[in-house]
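Step one of this worksheet: look at the structure below.
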Amino acid sequence: MTETLFKPGHTACAGCGQAIAARLVIDAAGKNTMIANNTGCLEVFSTKYPESAWCVPWIHSLFENCAAVASGVESGLKYLGKKDAINVIAQGGDGGTADIGLQALSGMLERGHDVLYVCYDNEAYMNTGIQRSGLTPTTSNTTTTPPGSASFGNPRPKKPMPDIAAAHGIPYVATASVGYPQDIQKKVKKALSIKGPKYIQIHVPCPLGWRHESSQTSEVAKLAVETGLYPIFEYENGQLIPRKIASVKPVEEYLKVQGRFKHLLKDAKGLKEIQSVADYNIKKYQLKAQG
Amino acid sequence: MKQFLEGSHAVAEIVKRCRPGVVSAYPITPQTHIVEDLAQMVSNQELNAQFVNVESEHSAASVVLGGEATGVRSYTATSSQGLLLMAEVVFNIAGMRLPVVMTTANRAISAPINIWNDQQDVMVVRDSGWVLFFAESIQEAVDLHLQAYKLGEDPDVMLPVMVNMDGFILTHGMEAVDMPSQEEVDRYLPAYKTTYKLDVENPLTMGYLADPDYYLEIRYMVQETHAELLGKIPHLAGEFKKTFGRESGGLIQTYRMEDAEQAFVAAGSVCGTIRDAIDELRAKGKKVGLVKIATYRPFPKEAIASSLKNVKEVAVVDKSISLGGFGPFYTDVTSALSSLGTAIPKTSGFVLGLGGRDIRVKSILDVYEKLSGKQVDCAFIGLKQELLAETE
């Protein structure tokens, strides 16, 4: 195994997609990198005093402000004349990014800071016990969107965060999945080669919250991509570059391996609704391979 | 040479001379003139700093947190609702031991919305771990910013410092100010150097999670530093006086207390009005004095108790209120006086000037009149009875 900047010994759950992705990101970025981290699972399981998994300068302040803290770090480095030699990464979970931290993130993107923002999207507030976030997918069973006689689970679709980021006119936006490790690292390196604000959103299964086997993290992540439910694409200067799906699978294959969608499997209407989300993604992001 | 300056401009001038590398702010009345001036100075290349225009005070505080974490001297200013929106970050900056300096242009809190001066805003972050200075004059506000960086960046301190100055009264008032030159400031306040910073050669983890096995001690260490500051701050003010020839800051300042039998306790610009009232009362043979709180956190309990130990009656003047409780200064002063044992002076609490209601010499004389009456713990002065009757 090659030397990593994110050491083992942290306290993430077995099969945690976020832990794998975080290691891939920092190892792609390299040691001349500073990280500002939102509150969340990653912060909690990697920096419990007096230990730290991080071999790069790392700062955590609050739940929602890593984009603003990173703006300050970048400004400090600019003042010192060191910015060109050092990458600044801001990172957080889906709640810290798309909900409570959206204003700070928007400010960072709009002001043009030379910072890469990484959102680890496990599609709910996992650190507090699987509550719904703005990136929780339609019909998902969370502790605050439980299915019942009057509900199919989460009533709303995922907030289109990559498009919201792209609407700021920033030079680079990408989605990625922990099912495709090399793709993550390629995108991180590309992003860091571009000056200005960048946004990467990585789909990271959470065995505890999604209720799948901890050995299945990679497979579950791949199924999300192969069904079209997690579109993988880049916007380079606003230009869409999709990652094509060789052979599109029905959404049921992705849903049936997870407890959070179990209530849907007996429900044709619910399944149809989810399939329509995948179909929409495939069309919007041009995911279908030609021929 | 003294210059006739607006308070905000004077603060911007001294902040510029402190050479911060990161300045971030969000506009709020009455703080705006300070950061507008700093923005112009950066634009004119008079100040070499990154000026970050943010989308909220929460982010302003977060940006200076991040800037300071790279080992760069950082500055922000706010007021009222802005400070409340920052509150979460304000606590965080102190817990992370980052010596940011912030000016608070003290203003009332909504609702009802009110842009005028009182001191309710700072009380919301009173318990945050920041050192809290209160300026009486524009000159003192200028001097306290120098002392703030000097104190906060001391490797044995490493705490943020807030300079409180009454909104409008000091921020928009004009005064003849002795402005230290750049050379004097550079001699007094050398460039900030620290090993406690984000550095790729020596990677630190900052802002870790501390569980019940560690948290208590980490918080205790902040409290212990504040206790040490009770010794450091008089020394700081003494050194400042030696260098600049002026008395500014310190823990407390006293006025005509030598033989005083009655005393006012207050902080900020109202102390000037109280001095005038004392002169009037002294002219009538009343033995009255003032104890001015220049440093509110750490709370100078011994200095206050010892300055009041021979006094019979104390009037604590608060421009803020813990609704449902008392004026915050009153609570702290009575707590400090309890250490005197049996000979505790009769201490009354008065609330004045909320939302910019003018405090005149007459208002202070009203307080004096009530002082010799029955002890009160939270008497509002200057209430318009006709307005209270209307709302009934």
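As shown in the structure tokens, the chain order sets the letters A, B, ...; within each chain, residues go from 1, and ligands are also counted from 1 in the order they appear.
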Within 9 Å of chain B: residues of chain A, using only C-alpha atoms, as a compact mmCIF listing (two decimals) with C-alpha atoms, in the first residue's frame:
# COMPACT_ATOMS: atom_id res chain seq x y z
CA LYS A 31 0.85 16.99 1.16
CA ASN A 32 0.90 20.65 0.11
CA THR A 33 -2.76 20.92 0.99
CA MET A 34 -4.75 22.52 3.80
CA ALA A 36 -11.13 23.14 6.31
CA GLU A 43 -14.63 15.36 11.47
CA VAL A 44 -15.81 13.28 14.42
CA PHE A 45 -14.25 9.97 13.43
CA SER A 46 -10.91 11.41 12.28
CA THR A 47 -9.96 14.00 14.93
CA LYS A 48 -10.93 12.84 18.39
CA TYR A 49 -8.48 14.54 20.75
CA PRO A 50 -5.62 13.77 21.24
CA GLU A 51 -5.48 11.79 17.98
CA SER A 52 -5.81 12.79 14.34
CA TRP A 54 -4.71 13.80 9.11
CA CYS A 55 -1.12 14.25 7.93
CA VAL A 56 -1.88 17.65 6.38
CA PRO A 57 -2.82 20.93 8.12
CA TRP A 58 -6.48 20.51 8.96
CA ILE A 59 -8.96 22.85 10.63
CA HIS A 60 -12.50 22.35 11.84
CA SER A 61 -14.56 25.24 13.14
CA LEU A 62 -18.32 24.66 12.92
CA ASN A 65 -18.72 27.50 7.86
CA CYS A 66 -15.92 25.46 6.24
CA ALA A 67 -16.32 27.40 2.98
CA ALA A 68 -15.85 30.68 4.85
CA VAL A 69 -12.99 29.33 6.97
CA ALA A 70 -11.33 28.08 3.77
CA SER A 71 -11.86 31.56 2.27
CA GLY A 72 -9.96 32.96 5.25
CA VAL A 73 -7.22 30.36 4.97
CA GLU A 74 -6.85 31.12 1.27
CA SER A 75 -6.75 34.86 2.02
CA GLY A 76 -4.10 34.33 4.69
CA LEU A 77 -1.99 32.29 2.27
CA LYS A 78 -2.44 34.94 -0.43
CA TYR A 79 -1.27 37.59 2.03
CA LEU A 80 1.77 35.44 2.82
CA ILE A 86 -0.61 25.24 -1.49
CA GLN A 103 -24.91 30.40 2.15
CA ALA A 104 -21.25 30.23 3.13
CA SER A 106 -22.35 30.35 -2.24
CA GLY A 107 -20.33 33.25 -0.85
CA MET A 108 -17.07 31.37 -1.35
CA ARG A 111 -16.11 35.64 -4.40
Just the strand (DSSP E or B) stuff from region 118-180 of chain B, please, per backbone DSSP, written as a PDB file with C-alpha atoms, in the first residue's frame.
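out15.pdb, freshly written:
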ATOM      1  CA  VAL B 131     -11.209  39.554  26.381  1.00  0.00           C
ATOM      2  CA  LEU B 132     -13.718  42.425  26.508  1.00  0.00           C
ATOM      3  CA  PHE B 133     -12.424  46.002  26.577  1.00  0.00           C
ATOM      4  CA  PHE B 134     -14.757  49.027  26.828  1.00  0.00           C
ATOM      5  CA  VAL B 161      -9.936  40.580  22.100  1.00  0.00           C
ATOM      6  CA  MET B 162     -12.999  42.729  21.494  1.00  0.00           C
ATOM      7  CA  VAL B 163     -12.887  46.505  21.717  1.00  0.00           C
ATOM      8  CA  ASN B 164     -16.336  47.783  22.585  1.00  0.00           C
ATOM      9  CA  MET B 165     -17.126  51.358  21.621  1.00  0.00           C
ATOM     10  CA  ASP B 166     -20.558  52.906  21.943  1.00  0.00           C
ATOM     11  CA  MET B 174     -15.575  63.604  16.588  1.00  0.00           C
ATOM     12  CA  GLU B 175     -12.689  64.100  18.963  1.00  0.00           C
ATOM     13  CA  ALA B 176      -9.137  65.454  18.962  1.00  0.00           C
ATOM     14  CA  VAL B 177      -7.123  62.242  18.816  1.00  0.00           C
ATOM     15  CA  ASP B 178      -3.438  61.654  19.367  1.00  0.00           C
TER      16      ASP B 178
END
Self-check item: Nearest to Gln139 (chain B) by atom-to-atom distance, counting only C-alpha atoms, from B:Thr78, B:Gln3, B:Gln223, B:Gln40
Solution: B:Gln3
Practice problem: Write out as a PyMOL selection string each polymer residue whose atoms come within 9 Å of Asp259 (chain B), counting only C-alpha atoms; drop sequence neighbours fewer than 2 positions from it. | Solution: chain B and resi 256-257+261+287-289+310-311
Keeping only C-alpha atoms, write the selected residues to a file as a CSV table (one decimal), in the first residue's frame.
chain,number,residue,atom,x,y,z
B,256,ARG,CA,-12.5,61.1,42.6
B,257,MET,CA,-12.6,57.9,44.6
B,261,GLU,CA,-18.7,57.6,50.3
B,287,LYS,CA,-18.3,62.8,48.3
B,288,VAL,CA,-19.0,60.8,45.1
B,289,GLY,CA,-16.7,59.0,42.7
B,310,ASN,CA,-14.7,52.1,51.9
B,311,VAL,CA,-17.9,53.3,50.1
Quiz prompt | Those of region 16-123 of chain A in DSSP alpha helix (DSSP H), formatted as an NGL selection string | solution = :A and (17-29 or 41-46 or 66-80 or 94 or 102-111)
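Residues surrounding Cys13 (chain A) within 12 Å are Ala19, Ile20, Cys41, Leu42, Val44, Phe45, Ser46, Met126, Asn127, Pro205, Cys206, Pro207, Leu208, Gly209, Glu213, Ser214, Ser215 and Thr217 of chain A [only C-alpha atoms; sequence separation below 6 positions excluded].
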Practice problem: May I ask which of the residues B:Arg97, B:Lys242, B:Arg282, B:Lys346 is the closest one to Thr225 (chain B), counting only C-alpha atoms? | Solution: B:Arg97
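Comparing the minimum interatomic distances between Gly169 (chain A) and each of A:Ile274, A:Ile184, A:Leu109, A:Leu223, counting only C-alpha atoms, we find that A:Leu109 sits nearest.
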Practice problem: For Val222 (chain B), work out the shell of residues within 10 Å, counting only C-alpha atoms and skipping chain neighbours fewer than 2 positions away, then give it as a ChimeraX atom specification. | Solution: /B:94-97,128-130,157-159,217-220,224-228
Quick one: write out the picked residues with C-alpha atoms as a short mmCIF file (atom, residue, chain, number, x, y, z; two decimals), in the first residue's frame?
data_model
loop_
_atom_site.label_atom_id
_atom_site.label_comp_id
_atom_site.auth_asym_id
_atom_site.auth_seq_id
_atom_site.Cartn_x
_atom_site.Cartn_y
_atom_site.Cartn_z
CA ALA B 94 -11.91 31.85 21.62
CA GLY B 95 -12.07 28.09 22.15
CA MET B 96 -9.58 27.66 19.32
CA ARG B 97 -7.28 30.24 20.98
CA SER B 128 -17.42 33.35 25.01
CA GLY B 129 -13.86 33.56 26.33
CA TRP B 130 -12.99 36.80 24.51
CA VAL B 157 -2.47 34.41 26.24
CA MET B 158 -3.59 33.47 22.70
CA LEU B 159 -7.12 34.78 23.07
CA GLU B 217 -9.62 20.73 31.29
CA ILE B 218 -9.56 22.54 27.94
CA ARG B 219 -12.29 24.93 29.07
CA TYR B 220 -10.58 25.32 32.45
CA GLU B 224 -7.08 30.05 33.95
CA THR B 225 -5.68 32.30 31.21
CA HIS B 226 -8.34 34.88 32.06
CA ALA B 227 -7.25 34.71 35.71
CA GLU B 228 -3.65 35.38 34.61
#
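Using only C-alpha atoms, the nearest neighbour of Gly92 (chain A) within the list A:Tyr199, A:Thr145, A:Gln185, A:Ala53 is A:Tyr199.
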Self-check item: Exercise: Ser247 (chain A) partners within 12 Å, only C-alpha atoms, chain neighbours under 5 positions left out, as a PyMOL selection string
Solution: chain A and resi 223+225-228+282+287-291
Residue selection dump (C-alpha atoms) as a PDB file, in the first residue's frame:
ATOM      1  CA  LEU A 223     -25.413   0.553  -8.888  1.00  0.00           C
ATOM      2  CA  VAL A 225     -24.384   5.232 -11.144  1.00  0.00           C
ATOM      3  CA  GLU A 226     -25.398   2.362 -13.456  1.00  0.00           C
ATOM      4  CA  THR A 227     -29.106   2.965 -12.864  1.00  0.00           C
ATOM      5  CA  GLY A 228     -28.798   6.695 -13.576  1.00  0.00           C
ATOM      6  CA  ILE A 282     -30.077  10.103 -18.039  1.00  0.00           C
ATOM      7  CA  LEU A 287     -25.661   9.604 -19.721  1.00  0.00           C
ATOM      8  CA  LYS A 288     -26.697   7.041 -22.326  1.00  0.00           C
ATOM      9  CA  ALA A 289     -23.849   5.592 -24.364  1.00  0.00           C
ATOM     10  CA  GLN A 290     -24.371   6.081 -28.098  1.00  0.00           C
ATOM     11  CA  GLY A 291     -25.251   3.197 -30.437  1.00  0.00           C
TER      12      GLY A 291
END
